[in-house]
Amino acid sequence: MGNERRLKAGWILAGVLAANAAVSCSKKDDSEERRRLLQTEERARQRQVRSAARVVEGPEGELLPSETKLGGVVLPRGFQQTFADPHAWTYDGHFAQQRVQEYFEKRLDVVSRTEKPLGEVEYLGVKEKSNPNMPAALVRVSPTPSRPEYTRIYIGEPVPPPPDTARLMDSEALREYMAERRRTAR
């Protein structure tokens, strides 16, 4: 009789454990399903953001501004850096020069606009209309030498003056300075 009770108790315990496992599995399935749905929605949103960032033209064919800002000037999307100096940058892009000029003329205030030989257009005293207090920059828009269907943008910012490291002394101050050095050198 004791064996039968143990056997029944074992079956009851096994049944309770199985029921508990079934309930916890269904809870895991619900949370797993919810996580998968949320993850899918998040991935779709991220995909839309990435695809919107790759769009380089607006609905009317105008060039859109990028996140790249050099010397205070915002570049249009779709340009790749080809050269860089500490205060000057050159970018190339597969766009007609006229469209790039229209982009800059819409966004910039310029002191002078000069058309150079070989189709280059130079803008001097450039300031973004959205930031009139920025230091004036230089922008050149020209056809790329090796690929005429591409356009090159050159942006140069004013070079800061070198730090004033040399002390200017008159002859009397220099004599006093040298006398002080001689006294302390002994």
# chains A, B, ... in the order shown; residues from 1 in each chain; ligands from 1
call {"tool": "select_by_dssp", "arguments": {"residues": "range 14-162 of chain A", "states": "strand (DSSP E or B)", "output": "ChimeraX atom specification"}}
result
/A:57,63,65-70,73-76,79-85,88-93,108-109,112-115,121-128,137-143,151-156
call {"tool": "select_by_dssp", "arguments": {"residues": "range 40-146 of chain A", "states": "alpha helix (DSSP H)", "output": "PyMOL selection string"}}
result
chain A and resi 40-54+97-107
call {"tool": "write_last_selection", "arguments": {"atoms": "C-alpha atoms", "output": "mmCIF file, in the first residue's frame"}}
result
data_model
loop_
_atom_site.group_PDB
_atom_site.id
_atom_site.type_symbol
_atom_site.label_atom_id
_atom_site.label_comp_id
_atom_site.auth_asym_id
_atom_site.auth_seq_id
_atom_site.Cartn_x
_atom_site.Cartn_y
_atom_site.Cartn_z
ATOM 1 C CA THR A 40 10.168 43.880 -36.538
ATOM 2 C CA GLU A 41 8.533 47.305 -36.158
ATOM 3 C CA GLU A 42 11.791 48.790 -34.853
ATOM 4 C CA ARG A 43 13.766 47.276 -37.718
ATOM 5 C CA ALA A 44 11.282 48.645 -40.243
ATOM 6 C CA ARG A 45 11.593 52.111 -38.684
ATOM 7 C CA GLN A 46 15.403 51.920 -38.755
ATOM 8 C CA ARG A 47 15.292 50.785 -42.375
ATOM 9 C CA GLN A 48 13.098 53.776 -43.283
ATOM 10 C CA VAL A 49 15.478 56.167 -41.525
ATOM 11 C CA ARG A 50 18.478 54.689 -43.369
ATOM 12 C CA SER A 51 16.731 54.841 -46.740
ATOM 13 C CA ALA A 52 15.613 58.446 -46.120
ATOM 14 C CA ALA A 53 19.234 59.387 -45.339
ATOM 15 C CA ARG A 54 20.346 58.012 -48.720
ATOM 16 C CA GLN A 97 27.380 71.833 -61.864
ATOM 17 C CA GLN A 98 24.316 74.018 -62.417
ATOM 18 C CA ARG A 99 22.337 72.079 -59.786
ATOM 19 C CA VAL A 100 25.162 72.434 -57.233
ATOM 20 C CA GLN A 101 25.392 76.171 -57.911
ATOM 21 C CA GLU A 102 21.626 76.513 -57.429
ATOM 22 C CA TYR A 103 21.926 74.666 -54.104
ATOM 23 C CA PHE A 104 24.606 77.055 -52.815
ATOM 24 C CA GLU A 105 22.994 80.225 -54.171
ATOM 25 C CA LYS A 106 19.770 79.328 -52.365
ATOM 26 C CA ARG A 107 21.535 78.714 -49.008
#
call {"tool": "residues_around", "arguments": {"residues": "range 57-71 of chain A", "least_positions_apart": "5", "cutoff": "12 Å", "atoms": "only C-alpha atoms", "output": "NGL selection string"}}
result
:A and (52 or 76-81 or 84-91 or 93-107 or 125-128 or 131 or 134-139 or 153-159)
call {"tool": "residues_around", "arguments": {"residues": "Lys116 in chain A", "least_positions_apart": "5", "cutoff": "12 Å", "atoms": "only C-alpha atoms", "output": "list in words"}}
result
Val121, Glu122, Tyr123, Arg140, Val141, Ser142 and Pro143 of chain A
call {"tool": "atom_distance", "arguments": {"atom1": "CA of Gly72 in chain A", "atom2": "CA of Glu149 in chain A"}}
result
26.8 Å
call {"tool": "atom_distance", "arguments": {"atom1": "CA of Pro117 in chain A", "atom2": "CA of Arg147 in chain A"}}
result
17.2 Å
call {"tool": "atom_distance", "arguments": {"atom1": "CA of Leu174 in chain A", "atom2": "CA of Pro160 in chain A"}}
result
29.6 Å
